[in-house]
Amino acid sequence: MTTFCAPARVEFGAGALDRLGDLVKALGKKKALIVMDAFLASPTVALDKRVGGILSAAGINSAVYSGVASEPTSTNVQDGMEIARKFACDCIIALGGGSSIDTAKAVAVKAANPELALADIPKSPYITRLPLIAVPTTSGTGSEGTKVAVITNLQTGVKENPGHPSMIPDIAILDPDLTVTLPKTLTAFTGMDALAHAMEAYVSNKATALTDLYAYKAMEIIGGSLPKVMENGADKSLRSNMALASYYAGAAFSNASTNLAHAGGRALGAQFHVPHGLSVALLLPFVMEFGLEVAEERYARVAVALRAEPQASRQTLARQAVDIVDAFNEKFGIWAEAKSKFITDLKAFRKAIPEMTGKALAGNGILTNPKVPSESDIKTVFEKLAEKLAD
Ligand SMILES: NC(=O)c1ccc[n+]([C@@H]2O[C@H](COP(=O)([O-])OP(=O)(O)OC[C@H]3O[C@@H](n4cnc5c(N)ncnc54)[C@H](O)[C@@H]3O)[C@@H](O)[C@H]2O)c1
Ligand SMILES: [Zn+2]
């Protein structure tokens, strides 16, 4: 027996955002809180004005919280909640990348359960929350379709990622036109995040026939479209492919879990302020290599999804999967970005390995890794990354 949870409704296609007002009306709601970040609300993008206009044309009032930080914190959730309370909002609209969507999920839950700690969400059998519509503007996290919210607890410094089916947004609006403005680096980070979601779900110990369907298709689409969209970010059909693949990858991992690349990535991200997608992309090839012997057949299929020639032997193909991801990291500037901006001091990185290992071990995604890692296995993964960055 398996369970698969996803949003009740998905709107997909260029211009889908224009349906937002009618969708809120159909939920019977009258006052929406729009949760977003400052860049998307800045005068150059002005997505807050556009969405406010769409809502008011449908007779819906709205308030805006535009203070979400990249890699959001408990303070963002608190601030969003206060605005929701002050304006008596009856539904939440998440507008932006994973940071905005995750903050909105937490606000939707906390507005209905002010005393509930985020870390306790998974323990509750059922969670009430305000109705939630998610509109992603990056193609990476898939948060619009997942049960997870990643929020850094400022009291402990831990990146918490509570999951609960009740946190899956009611409606996901996938409008690829919103992602055309994503710059190249963010297209790379978020695209590699989506690939990691699909791949980790596909090799996960919790993978099912239902999650395989989404994970494999996501990898096929990303394998064909990500290298091209990196060359031509204005191509709307490639952006459309990535929006769909990101949603599929999210649906897959939300039900099958991510693994060590994410557990390690969260620890790395929290320690060195590395954006989520970048941190996961950096660890992915070494995590794949670690699990290769026990998931050879799965990784061979991963390689084929990513356009390797299927005639090669299983062992060769599985190895090729690692090489393809390593080559993506090279071509999309993942190694270079890490070296030049985020992990500039390799001595400090090596020194932090024991602490990052401890945090990775304590997080989600260890037991679902195809080969369950020990403490020393995780240290080795981080050390291999250090060697790579020293090249
Ligand atoms: N809930 C989940 O299932 C899940 C899964 C993976 C990651 N995450 C979390 O999501 C967060 C990362 O989200 P993200 O990678 O989408 O990035 P993000 O939301 O942090 O945004 C990164 C930057 O991109 C900008 N941006 C967003 N859309 C843009 C657009 N269309 N054009 C130009 N700029 C744009 C934002 O303003 C921001 O400066 C992390 O906190 C991560 O832990 C959550
Ligand atoms: Zn991720």
# chains A, B, ... in the order shown; residues from 1 in each chain; ligands from 1

$ residues_around --residues "Thr152 of chain A" --least-positions-apart "5" --cutoff "8 Å" --atoms "only C-alpha atoms" --output "ChimeraX atom specification"
/A:71-74,157-160

$ write_last_selection --atoms "C-alpha atoms" --output "tab-separated table (two decimals), in the first residue's frame"
chain	number	residue	atom	x	y	z
A	71	GLU	CA	16.37	31.02	3.03
A	72	PRO	CA	13.64	32.36	5.36
A	73	THR	CA	13.67	32.46	9.14
A	74	SER	CA	11.26	32.18	12.06
A	157	GLY	CA	20.36	28.13	14.03
A	158	VAL	CA	18.90	24.90	12.62
A	159	LYS	CA	17.26	24.81	9.19
A	160	GLU	CA	14.06	22.98	10.14

$ closest_atom_pairs --of "chain A" --to "ligand 2" --cutoff "7 Å" --atoms "only C-alpha atoms and all ligand atoms" --output "CSV"
residue,atom,partner,partner_atom_place_in_ligand_line,distance
A:Thr141,CA,ligand 2,1 (Zn),5.5
A:Asp193,CA,ligand 2,1 (Zn),4.8
A:Ala194,CA,ligand 2,1 (Zn),6.6
A:Ala196,CA,ligand 2,1 (Zn),6.7
A:His197,CA,ligand 2,1 (Zn),5.8
A:His262,CA,ligand 2,1 (Zn),6.3
A:His276,CA,ligand 2,1 (Zn),6.4
A:Gly277,CA,ligand 2,1 (Zn),5.9
A:Val280,CA,ligand 2,1 (Zn),6.6

$ residues_near_ligand --ligand "ligand 1" --cutoff "8 Å" --atoms "only C-alpha atoms and all ligand atoms" --output "number ranges by chain"
A: 37-40, 69-72, 96-102, 136-151, 159, 161, 178-183, 186, 189-190, 193-194, 197, 250, 254, 266, 275-277

$ write_last_selection --atoms "C-alpha atoms" --output "mmCIF file, in the first residue's frame"
data_model
loop_
_atom_site.group_PDB
_atom_site.id
_atom_site.type_symbol
_atom_site.label_atom_id
_atom_site.label_comp_id
_atom_site.auth_asym_id
_atom_site.auth_seq_id
_atom_site.Cartn_x
_atom_site.Cartn_y
_atom_site.Cartn_z
ATOM 1 C CA ASP A 37 10.154 38.956 -1.167
ATOM 2 C CA ALA A 38 11.296 42.548 -1.580
ATOM 3 C CA PHE A 39 12.828 42.046 -5.031
ATOM 4 C CA LEU A 40 9.602 40.812 -6.613
ATOM 5 C CA ALA A 69 14.458 36.615 3.108
ATOM 6 C CA SER A 70 16.185 34.132 0.830
ATOM 7 C CA GLU A 71 16.367 31.018 3.026
ATOM 8 C CA PRO A 72 13.642 32.365 5.356
ATOM 9 C CA GLY A 96 7.872 33.811 -5.409
ATOM 10 C CA GLY A 97 10.548 31.183 -5.027
ATOM 11 C CA GLY A 98 10.685 28.473 -2.385
ATOM 12 C CA SER A 99 11.540 31.024 0.291
ATOM 13 C CA SER A 100 8.236 32.867 -0.158
ATOM 14 C CA ILE A 101 6.189 29.701 -0.574
ATOM 15 C CA ASP A 102 7.676 28.104 2.558
ATOM 16 C CA PRO A 136 6.148 29.816 -7.988
ATOM 17 C CA THR A 137 8.440 32.244 -9.816
ATOM 18 C CA THR A 138 11.470 29.920 -9.806
ATOM 19 C CA SER A 139 11.601 26.416 -11.294
ATOM 20 C CA GLY A 140 13.372 24.547 -8.574
ATOM 21 C CA THR A 141 11.928 23.828 -5.180
ATOM 22 C CA GLY A 142 8.559 22.455 -6.243
ATOM 23 C CA SER A 143 7.318 23.806 -2.902
ATOM 24 C CA GLU A 144 4.011 24.701 -4.574
ATOM 25 C CA GLY A 145 3.229 20.969 -4.526
ATOM 26 C CA THR A 146 5.122 19.708 -1.486
ATOM 27 C CA LYS A 147 4.231 19.093 2.137
ATOM 28 C CA VAL A 148 7.469 20.649 3.385
ATOM 29 C CA ALA A 149 8.429 24.129 4.608
ATOM 30 C CA VAL A 150 12.108 24.913 5.198
ATOM 31 C CA ILE A 151 12.510 27.627 7.823
ATOM 32 C CA LYS A 159 17.262 24.809 9.194
ATOM 33 C CA ASN A 161 12.044 21.244 7.430
ATOM 34 C CA LEU A 178 6.809 34.460 -14.345
ATOM 35 C CA THR A 179 10.139 32.622 -14.509
ATOM 36 C CA VAL A 180 11.518 34.267 -17.671
ATOM 37 C CA THR A 181 13.233 37.012 -15.656
ATOM 38 C CA LEU A 182 15.287 34.527 -13.598
ATOM 39 C CA PRO A 183 18.978 35.322 -14.094
ATOM 40 C CA LEU A 186 19.444 31.365 -10.251
ATOM 41 C CA PHE A 189 20.822 26.766 -8.815
ATOM 42 C CA THR A 190 17.083 26.174 -8.977
ATOM 43 C CA ASP A 193 17.688 21.663 -7.138
ATOM 44 C CA ALA A 194 14.778 20.299 -9.186
ATOM 45 C CA HIS A 197 14.672 16.353 -6.012
ATOM 46 C CA GLY A 250 8.462 18.308 -5.944
ATOM 47 C CA SER A 254 7.322 15.190 -1.169
ATOM 48 C CA ARG A 266 20.875 22.003 4.536
ATOM 49 C CA PRO A 275 21.702 29.155 -1.458
ATOM 50 C CA HIS A 276 19.732 25.926 -1.220
ATOM 51 C CA GLY A 277 20.003 24.796 -4.852
#

$ atom_distance --atom1 "atom CA of Asp48 of chain A" --atom2 "atom CA of Lys110 of chain A"
22.8 Å

$ select_by_dssp --residues "segment 313-356 of chain A" --states "alpha helix (DSSP H)" --output "JSON, numbers by chain"
{"A": [314, 315, 316, 317, 318, 319, 320, 321, 322, 323, 324, 325, 326, 327, 328, 329, 330, 331, 334, 335, 336, 337, 346, 347, 348, 349, 350, 351, 352, 353, 354, 355, 356]}

$ residues_around --residues "Asp212 of chain A" --least-positions-apart "5" --cutoff "8 Å" --atoms "only C-alpha atoms" --output "VMD selection string"
chain A and resid 201 to 202 207 252

$ residues_around --residues "Lys184 of chain A" --least-positions-apart "3" --cutoff "10 Å" --atoms "only C-alpha atoms" --output "list in words"
Thr181, Thr187, Ala188, Phe189, Thr190, Val229, Met230, Glu231, Asn232, Gly233, Phe332 and Gly333 of chain A

$ residues_around --residues "segment 308-312 of chain A" --least-positions-apart "3" --cutoff "12 Å" --atoms "only C-alpha atoms" --output "compact mmCIF listing (two decimals) with N, CA and C atoms, in the first residue's frame"
# COMPACT_ATOMS: atom_id res chain seq x y z
N GLU A 220 13.79 13.43 -17.20
CA GLU A 220 13.81 13.48 -18.67
C GLU A 220 13.67 14.92 -19.17
N GLY A 223 16.78 16.97 -18.15
CA GLY A 223 17.94 16.57 -18.97
C GLY A 223 17.90 17.22 -20.34
N GLY A 224 16.70 17.37 -20.91
CA GLY A 224 16.58 17.99 -22.24
C GLY A 224 16.54 19.50 -22.18
N TYR A 299 20.48 4.21 -10.91
CA TYR A 299 21.34 5.27 -11.45
C TYR A 299 21.57 5.07 -12.96
N ALA A 300 21.57 3.82 -13.41
CA ALA A 300 21.69 3.59 -14.86
C ALA A 300 20.49 4.21 -15.57
N ARG A 301 19.32 4.06 -14.98
CA ARG A 301 18.11 4.65 -15.59
C ARG A 301 18.15 6.18 -15.51
N VAL A 302 18.72 6.69 -14.43
CA VAL A 302 18.89 8.14 -14.30
C VAL A 302 19.71 8.65 -15.49
N ALA A 303 20.80 7.93 -15.79
CA ALA A 303 21.68 8.34 -16.90
C ALA A 303 20.90 8.38 -18.22
N VAL A 304 20.08 7.36 -18.44
CA VAL A 304 19.30 7.32 -19.69
C VAL A 304 18.31 8.49 -19.73
N ALA A 305 17.68 8.77 -18.59
CA ALA A 305 16.76 9.93 -18.55
C ALA A 305 17.51 11.21 -18.89
N GLN A 315 26.57 -0.94 -15.37
CA GLN A 315 27.63 -0.34 -14.54
C GLN A 315 28.16 0.95 -15.18
N THR A 316 28.37 0.89 -16.49
CA THR A 316 28.88 2.07 -17.21
C THR A 316 27.87 3.21 -17.14
N LEU A 317 26.61 2.86 -17.36
CA LEU A 317 25.57 3.91 -17.34
C LEU A 317 25.47 4.56 -15.96
N ALA A 318 25.51 3.73 -14.91
CA ALA A 318 25.39 4.28 -13.55
C ALA A 318 26.52 5.28 -13.30
N ARG A 319 27.72 4.92 -13.73
CA ARG A 319 28.89 5.82 -13.58
C ARG A 319 28.67 7.11 -14.39
N GLN A 320 28.05 6.91 -15.57
CA GLN A 320 27.80 8.09 -16.43
C GLN A 320 26.84 9.08 -15.78
N ALA A 321 25.90 8.55 -14.97
CA ALA A 321 24.95 9.46 -14.29
C ALA A 321 25.73 10.45 -13.44
N VAL A 322 26.74 9.95 -12.71
CA VAL A 322 27.57 10.84 -11.87
C VAL A 322 28.32 11.83 -12.75
N ASP A 323 28.89 11.32 -13.85
CA ASP A 323 29.67 12.19 -14.74
C ASP A 323 28.80 13.29 -15.35
N ILE A 324 27.54 12.95 -15.67
CA ILE A 324 26.65 13.95 -16.28
C ILE A 324 26.38 15.07 -15.27
N VAL A 325 26.12 14.70 -14.01
CA VAL A 325 25.84 15.73 -13.00
C VAL A 325 27.09 16.58 -12.75

$ atom_distance --atom1 "atom CA of Lys359 of chain A" --atom2 "atom CA of Arg298 of chain A"
27.6 Å

$ residues_around --residues "Asp22 of chain A" --least-positions-apart "2" --cutoff "10 Å" --atoms "only C-alpha atoms" --output "PyMOL selection string"
chain A and resi 18-20+24-28+54-55+57-60

$ write_last_selection --atoms "C-alpha atoms" --output "compact mmCIF listing (two decimals), in the first residue's frame"
# COMPACT_ATOMS: atom_id res chain seq x y z
CA ASP A 18 -4.65 35.80 -14.44
CA ARG A 19 -7.00 33.14 -13.02
CA LEU A 20 -5.95 33.94 -9.46
CA VAL A 24 -9.77 32.93 -4.60
CA LYS A 25 -13.44 33.71 -5.22
CA ALA A 26 -14.13 30.03 -5.80
CA LEU A 27 -12.63 29.30 -2.37
CA GLY A 28 -15.19 31.75 -0.95
CA ILE A 54 -5.86 40.79 -10.54
CA LEU A 55 -7.40 40.26 -7.10
CA ALA A 57 -10.67 43.04 -10.39
CA ALA A 58 -12.33 39.94 -8.87
CA GLY A 59 -13.52 41.90 -5.82
CA ILE A 60 -10.87 40.48 -3.47

$ residues_around --residues "Lys31 of chain A" --least-positions-apart "3" --cutoff "12 Å" --atoms "only C-alpha atoms" --output "NGL selection string"
:A and (21 or 24-25 or 27-28 or 34 or 52 or 55-56 or 58-64 or 83-93 or 130-131)

$ select_by_dssp --residues "segment 103-235 of chain A" --states "strand (DSSP E or B)" --output "ChimeraX atom specification"
/A:132-136,148,151-153,158-160,163,171-174

$ closest_atom_pairs --of "segment 93-211 of chain A" --to "segment 286-295 of chain A" --cutoff "12 Å" --atoms "only C-alpha atoms" --output "CSV"
residue,atom,partner,partner_atom,distance
A:Ala196,CA,A:Met288,CA,10.2
A:Met199,CA,A:Met288,CA,9.3
A:Glu200,CA,A:Met288,CA,8.9
A:Tyr202,CA,A:Ala295,CA,10.0
A:Val203,CA,A:Ala295,CA,6.8
A:Ser204,CA,A:Ala295,CA,9.3
A:Asn205,CA,A:Ala295,CA,9.9

$ closest_residue --among "A:Val68, A:Leu210, A:Ala172, A:Leu385" --to "Pro7 of chain A" --atoms "only C-alpha atoms"
A:Ala172

$ atom_distance --atom1 "atom CA of Val107 of chain A" --atom2 "atom CA of Lys30 of chain A"
17.6 Å

$ closest_residue --among "A:Ala270, A:Val45, A:Ala112, A:Ile168" --to "Cys5 of chain A" --atoms "only C-alpha atoms"
A:Ile168
